[in-house]
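All remarks here apply to the structure that follows.
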Amino acid sequence: MSSESQQQYSAAKSRTDAKLRYAIVHLEELCNRERRGDDFDRAHQESFLFHLFGVRDAYLQELNLFHGCGIETANVTKWTLEQELKNKGMQSAALARLSQVEDDQESWLGCAKEMRNHSMHRDNIPRIHYLGGEHHGEQHLTDTRSACVIKKDYPRLFEQWVNEMRSLIQELRDSCESGGTA
């Protein structure tokens, strides 16, 4: 990788890391106040999901640069990366793993993606507010695909997803650095 390419790649990695920090900012704001289900809460939930899934989008930019695909920034998607790698006769273990986790309807990333898409394009994410009992004060979100309630207070769920995303990005970066292609 040339010096200029290395600088661009480093900047892309920094952007991916920043998107993860931005998701954490919104999560911390939610955790540091009484949750009421008001516009503040809903706006921060949507922002959290936007930035969390933005980590994935930023990581795709990393892959574009790492593999030297040359796709214009505005056109980088999983599909365009797959096509360009195919045209070059290459495969990316990191891209394959990311697709596997994202496309798995039972995975945390599949659920987060659907919640982000639902809140961005359709409606609020349904939730249950618990008053009294063992879950008093908790709010559980509903998986918009199955209409099943996720049995976890949503700040803990979002915290789990942040940790999962951090681990996934590290796994994918390690995959690239240890060989880059499958």
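As shown in the structure tokens, the chain order sets the letters A, B, ...; within each chain, residues go from 1, and ligands are also counted from 1 in the order they appear.
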Selection near His26 in chain A, 10 Å with only C-alpha atoms, sequence-local residues under 5 positions removed, as a list in words: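 The contact residues come out as Arg21, Cys31, Asp41, Ala43, His44, Gln45, Glu46, Ser47, Phe48, Leu49 and His51 of chain A.
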Would you give me, as JSON lines, each residue of range 47-115 of chain A having an atom within 12 Å of an atom of range 149-172 of chain A, along with its shortest atom pair and that distance in Å to one decimal, using only C-alpha atoms and sorting by chain and residue number?
```
{"residue": "A:Ser47", "atom": "CA", "partner": "A:Phe158", "partner_atom": "CA", "distance": 11.7}
{"residue": "A:Phe48", "atom": "CA", "partner": "A:Phe158", "partner_atom": "CA", "distance": 8.2}
{"residue": "A:Leu49", "atom": "CA", "partner": "A:Phe158", "partner_atom": "CA", "distance": 8.5}
{"residue": "A:His51", "atom": "CA", "partner": "A:Val162", "partner_atom": "CA", "distance": 10.2}
{"residue": "A:Leu52", "atom": "CA", "partner": "A:Val162", "partner_atom": "CA", "distance": 7.2}
{"residue": "A:Phe53", "atom": "CA", "partner": "A:Met165", "partner_atom": "CA", "distance": 9.0}
{"residue": "A:Gly54", "atom": "CA", "partner": "A:Met165", "partner_atom": "CA", "distance": 10.7}
{"residue": "A:Val55", "atom": "CA", "partner": "A:Met165", "partner_atom": "CA", "distance": 7.9}
{"residue": "A:Arg56", "atom": "CA", "partner": "A:Ile169", "partner_atom": "CA", "distance": 8.3}
{"residue": "A:Asp57", "atom": "CA", "partner": "A:Ile169", "partner_atom": "CA", "distance": 11.4}
{"residue": "A:Ala58", "atom": "CA", "partner": "A:Ile169", "partner_atom": "CA", "distance": 10.5}
{"residue": "A:Tyr59", "atom": "CA", "partner": "A:Ile169", "partner_atom": "CA", "distance": 7.6}
{"residue": "A:Leu60", "atom": "CA", "partner": "A:Ile169", "partner_atom": "CA", "distance": 10.6}
{"residue": "A:Glu62", "atom": "CA", "partner": "A:Leu172", "partner_atom": "CA", "distance": 10.5}
{"residue": "A:Leu63", "atom": "CA", "partner": "A:Leu172", "partner_atom": "CA", "distance": 9.6}
{"residue": "A:Phe66", "atom": "CA", "partner": "A:Leu172", "partner_atom": "CA", "distance": 11.8}
{"residue": "A:Ser92", "atom": "CA", "partner": "A:Leu172", "partner_atom": "CA", "distance": 9.9}
{"residue": "A:Ala93", "atom": "CA", "partner": "A:Leu172", "partner_atom": "CA", "distance": 8.0}
{"residue": "A:Ala94", "atom": "CA", "partner": "A:Leu172", "partner_atom": "CA", "distance": 4.9}
{"residue": "A:Leu95", "atom": "CA", "partner": "A:Leu172", "partner_atom": "CA", "distance": 8.0}
{"residue": "A:Ala96", "atom": "CA", "partner": "A:Leu172", "partner_atom": "CA", "distance": 9.7}
{"residue": "A:Arg97", "atom": "CA", "partner": "A:Leu172", "partner_atom": "CA", "distance": 7.5}
{"residue": "A:Leu98", "atom": "CA", "partner": "A:Leu172", "partner_atom": "CA", "distance": 7.6}
{"residue": "A:Ser99", "atom": "CA", "partner": "A:Leu172", "partner_atom": "CA", "distance": 11.2}
{"residue": "A:Gln100", "atom": "CA", "partner": "A:Leu168", "partner_atom": "CA", "distance": 11.5}
{"residue": "A:Val101", "atom": "CA", "partner": "A:Leu168", "partner_atom": "CA", "distance": 9.1}
{"residue": "A:Glu102", "atom": "CA", "partner": "A:Leu168", "partner_atom": "CA", "distance": 10.9}
{"residue": "A:Ser107", "atom": "CA", "partner": "A:Trp161", "partner_atom": "CA", "distance": 10.2}
{"residue": "A:Trp108", "atom": "CA", "partner": "A:Trp161", "partner_atom": "CA", "distance": 6.6}
{"residue": "A:Leu109", "atom": "CA", "partner": "A:Trp161", "partner_atom": "CA", "distance": 7.7}
{"residue": "A:Gly110", "atom": "CA", "partner": "A:Trp161", "partner_atom": "CA", "distance": 10.9}
{"residue": "A:Cys111", "atom": "CA", "partner": "A:Trp161", "partner_atom": "CA", "distance": 9.9}
{"residue": "A:Ala112", "atom": "CA", "partner": "A:Trp161", "partner_atom": "CA", "distance": 8.0}
{"residue": "A:Lys113", "atom": "CA", "partner": "A:Trp161", "partner_atom": "CA", "distance": 11.1}
{"residue": "A:Met115", "atom": "CA", "partner": "A:Phe158", "partner_atom": "CA", "distance": 11.5}
```
Keeping only C-alpha atoms, write the selected residues as a short mmCIF file (atom, residue, chain, number, x, y, z; two decimals), in the first residue's frame.
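File written: selection_34.cif
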```cif
data_model
loop_
_atom_site.label_atom_id
_atom_site.label_comp_id
_atom_site.auth_asym_id
_atom_site.auth_seq_id
_atom_site.Cartn_x
_atom_site.Cartn_y
_atom_site.Cartn_z
CA SER A 47 -29.42 7.98 16.73
CA PHE A 48 -27.78 5.09 18.55
CA LEU A 49 -29.01 2.63 15.92
CA HIS A 51 -24.43 5.29 14.40
CA LEU A 52 -24.13 1.64 15.38
CA PHE A 53 -25.06 0.54 11.88
CA GLY A 54 -22.88 3.36 10.56
CA VAL A 55 -19.91 1.47 12.00
CA ARG A 56 -20.66 -1.23 9.44
CA ASP A 57 -20.90 1.31 6.63
CA ALA A 58 -17.62 2.93 7.66
CA TYR A 59 -15.96 -0.47 7.81
CA LEU A 60 -16.99 -1.12 4.21
CA GLU A 62 -11.97 0.37 5.08
CA LEU A 63 -12.39 -2.77 2.99
CA PHE A 66 -7.62 -2.29 2.03
CA SER A 92 -12.46 -11.11 1.23
CA ALA A 93 -12.81 -13.26 4.34
CA ALA A 94 -13.73 -10.13 6.29
CA LEU A 95 -16.51 -9.16 3.87
CA ALA A 96 -17.83 -12.73 3.86
CA ARG A 97 -17.89 -12.80 7.68
CA LEU A 98 -19.59 -9.39 7.89
CA SER A 99 -22.24 -10.52 5.40
CA GLN A 100 -22.76 -13.75 7.34
CA VAL A 101 -23.43 -11.91 10.61
CA GLU A 102 -25.53 -9.17 9.01
CA SER A 107 -27.98 -12.33 14.88
CA TRP A 108 -27.63 -9.16 16.92
CA LEU A 109 -26.52 -7.27 13.78
CA GLY A 110 -29.48 -8.54 11.78
CA CYS A 111 -31.81 -7.32 14.53
CA ALA A 112 -30.01 -3.98 14.88
CA LYS A 113 -30.14 -3.45 11.10
CA MET A 115 -34.53 -1.82 13.96
#
```
Which of range 84-140 of chain A DSSP labels alpha helix (DSSP H), written as a list in words: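 Selection result, alpha helix (DSSP H) within range 84-140 of chain A: Glu84, Leu85, Lys86, Asn87, Ala93, Ala94, Leu95, Ala96, Arg97, Leu98, Ser99, Gln100, Val101, Glu102, Asp103, Trp108, Leu109, Gly110, Cys111, Ala112, Lys113, Glu114, Met115, Arg116, Asn117, His118, Ser119, Met120 and His121 of chain A.
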Mind dumping the selected residues with N, CA and C atoms as a PDB file, in the first residue's frame?
```pdb
ATOM      1  N   GLU A  84     -16.726  -5.886  -7.272  1.00  0.00           N
ATOM      2  CA  GLU A  84     -15.379  -5.450  -7.642  1.00  0.00           C
ATOM      3  C   GLU A  84     -14.335  -6.509  -7.277  1.00  0.00           C
ATOM      4  N   LEU A  85     -14.505  -7.118  -6.107  1.00  0.00           N
ATOM      5  CA  LEU A  85     -13.584  -8.189  -5.723  1.00  0.00           C
ATOM      6  C   LEU A  85     -13.701  -9.372  -6.695  1.00  0.00           C
ATOM      7  N   LYS A  86     -14.925  -9.698  -7.077  1.00  0.00           N
ATOM      8  CA  LYS A  86     -15.149 -10.782  -8.045  1.00  0.00           C
ATOM      9  C   LYS A  86     -14.464 -10.450  -9.370  1.00  0.00           C
ATOM     10  N   ASN A  87     -14.615  -9.194  -9.831  1.00  0.00           N
ATOM     11  CA  ASN A  87     -13.979  -8.764 -11.081  1.00  0.00           C
ATOM     12  C   ASN A  87     -12.459  -8.874 -11.008  1.00  0.00           C
ATOM     13  N   ALA A  93     -12.290 -12.521   3.184  1.00  0.00           N
ATOM     14  CA  ALA A  93     -12.814 -13.256   4.335  1.00  0.00           C
ATOM     15  C   ALA A  93     -13.569 -12.318   5.265  1.00  0.00           C
ATOM     16  N   ALA A  94     -13.078 -11.098   5.413  1.00  0.00           N
ATOM     17  CA  ALA A  94     -13.733 -10.128   6.289  1.00  0.00           C
ATOM     18  C   ALA A  94     -15.116  -9.752   5.760  1.00  0.00           C
ATOM     19  N   LEU A  95     -15.222  -9.510   4.459  1.00  0.00           N
ATOM     20  CA  LEU A  95     -16.510  -9.163   3.872  1.00  0.00           C
ATOM     21  C   LEU A  95     -17.475 -10.337   3.967  1.00  0.00           C
ATOM     22  N   ALA A  96     -16.976 -11.539   3.743  1.00  0.00           N
ATOM     23  CA  ALA A  96     -17.833 -12.727   3.855  1.00  0.00           C
ATOM     24  C   ALA A  96     -18.351 -12.883   5.285  1.00  0.00           C
ATOM     25  N   ARG A  97     -17.488 -12.669   6.269  1.00  0.00           N
ATOM     26  CA  ARG A  97     -17.893 -12.798   7.675  1.00  0.00           C
ATOM     27  C   ARG A  97     -18.896 -11.711   8.039  1.00  0.00           C
ATOM     28  N   LEU A  98     -18.650 -10.487   7.618  1.00  0.00           N
ATOM     29  CA  LEU A  98     -19.586  -9.394   7.886  1.00  0.00           C
ATOM     30  C   LEU A  98     -20.950  -9.712   7.285  1.00  0.00           C
ATOM     31  N   SER A  99     -20.975 -10.170   6.057  1.00  0.00           N
ATOM     32  CA  SER A  99     -22.239 -10.525   5.402  1.00  0.00           C
ATOM     33  C   SER A  99     -22.945 -11.647   6.146  1.00  0.00           C
ATOM     34  N   GLN A 100     -22.178 -12.624   6.601  1.00  0.00           N
ATOM     35  CA  GLN A 100     -22.756 -13.753   7.337  1.00  0.00           C
ATOM     36  C   GLN A 100     -23.479 -13.264   8.588  1.00  0.00           C
ATOM     37  N   VAL A 101     -22.824 -12.401   9.362  1.00  0.00           N
ATOM     38  CA  VAL A 101     -23.430 -11.912  10.610  1.00  0.00           C
ATOM     39  C   VAL A 101     -24.626 -11.006  10.298  1.00  0.00           C
ATOM     40  N   GLU A 102     -24.462 -10.108   9.346  1.00  0.00           N
ATOM     41  CA  GLU A 102     -25.532  -9.168   9.013  1.00  0.00           C
ATOM     42  C   GLU A 102     -26.760  -9.851   8.427  1.00  0.00           C
ATOM     43  N   ASP A 103     -26.556 -10.846   7.592  1.00  0.00           N
ATOM     44  CA  ASP A 103     -27.668 -11.498   6.912  1.00  0.00           C
ATOM     45  C   ASP A 103     -28.359 -12.562   7.757  1.00  0.00           C
ATOM     46  N   TRP A 108     -27.481 -10.504  16.341  1.00  0.00           N
ATOM     47  CA  TRP A 108     -27.634  -9.164  16.923  1.00  0.00           C
ATOM     48  C   TRP A 108     -27.557  -8.106  15.829  1.00  0.00           C
ATOM     49  N   LEU A 109     -26.660  -8.268  14.837  1.00  0.00           N
ATOM     50  CA  LEU A 109     -26.522  -7.267  13.780  1.00  0.00           C
ATOM     51  C   LEU A 109     -27.726  -7.284  12.850  1.00  0.00           C
ATOM     52  N   GLY A 110     -28.265  -8.463  12.579  1.00  0.00           N
ATOM     53  CA  GLY A 110     -29.483  -8.539  11.777  1.00  0.00           C
ATOM     54  C   GLY A 110     -30.636  -7.818  12.452  1.00  0.00           C
ATOM     55  N   CYS A 111     -30.754  -7.994  13.766  1.00  0.00           N
ATOM     56  CA  CYS A 111     -31.812  -7.324  14.528  1.00  0.00           C
ATOM     57  C   CYS A 111     -31.578  -5.818  14.563  1.00  0.00           C
ATOM     58  N   ALA A 112     -30.337  -5.406  14.832  1.00  0.00           N
ATOM     59  CA  ALA A 112     -30.011  -3.977  14.879  1.00  0.00           C
ATOM     60  C   ALA A 112     -30.272  -3.310  13.530  1.00  0.00           C
ATOM     61  N   LYS A 113     -29.914  -4.003  12.447  1.00  0.00           N
ATOM     62  CA  LYS A 113     -30.140  -3.455  11.103  1.00  0.00           C
ATOM     63  C   LYS A 113     -31.635  -3.246  10.859  1.00  0.00           C
ATOM     64  N   GLU A 114     -32.427  -4.242  11.201  1.00  0.00           N
ATOM     65  CA  GLU A 114     -33.867  -4.119  10.988  1.00  0.00           C
ATOM     66  C   GLU A 114     -34.459  -3.006  11.852  1.00  0.00           C
ATOM     67  N   MET A 115     -34.027  -2.905  13.099  1.00  0.00           N
ATOM     68  CA  MET A 115     -34.530  -1.824  13.957  1.00  0.00           C
ATOM     69  C   MET A 115     -34.129  -0.461  13.414  1.00  0.00           C
ATOM     70  N   ARG A 116     -32.900  -0.354  12.923  1.00  0.00           N
ATOM     71  CA  ARG A 116     -32.462   0.911  12.326  1.00  0.00           C
ATOM     72  C   ARG A 116     -33.319   1.232  11.110  1.00  0.00           C
ATOM     73  N   ASN A 117     -33.495   0.254  10.223  1.00  0.00           N
ATOM     74  CA  ASN A 117     -34.301   0.479   9.026  1.00  0.00           C
ATOM     75  C   ASN A 117     -35.742   0.811   9.379  1.00  0.00           C
ATOM     76  N   HIS A 118     -36.293   0.103  10.341  1.00  0.00           N
ATOM     77  CA  HIS A 118     -37.678   0.340  10.751  1.00  0.00           C
ATOM     78  C   HIS A 118     -37.837   1.759  11.291  1.00  0.00           C
ATOM     79  N   SER A 119     -36.945   2.158  12.179  1.00  0.00           N
ATOM     80  CA  SER A 119     -37.074   3.489  12.788  1.00  0.00           C
ATOM     81  C   SER A 119     -36.747   4.603  11.798  1.00  0.00           C
ATOM     82  N   MET A 120     -35.884   4.330  10.833  1.00  0.00           N
ATOM     83  CA  MET A 120     -35.520   5.361   9.856  1.00  0.00           C
ATOM     84  C   MET A 120     -36.584   5.538   8.785  1.00  0.00           C
ATOM     85  N   HIS A 121     -37.265   4.446   8.413  1.00  0.00           N
ATOM     86  CA  HIS A 121     -38.112   4.488   7.225  1.00  0.00           C
ATOM     87  C   HIS A 121     -39.591   4.205   7.452  1.00  0.00           C
TER      88      HIS A 121
END
```
Selected residue of minimal separation from Lys88 in chain A among A:Asp104, A:Asp39, A:Gly70, A:Ala12, counting only C-alpha atoms: A:Gly70
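Coordinates place CA of Asn32 in chain A at a distance of 28.3 Å from CA of Ala147 in chain A.
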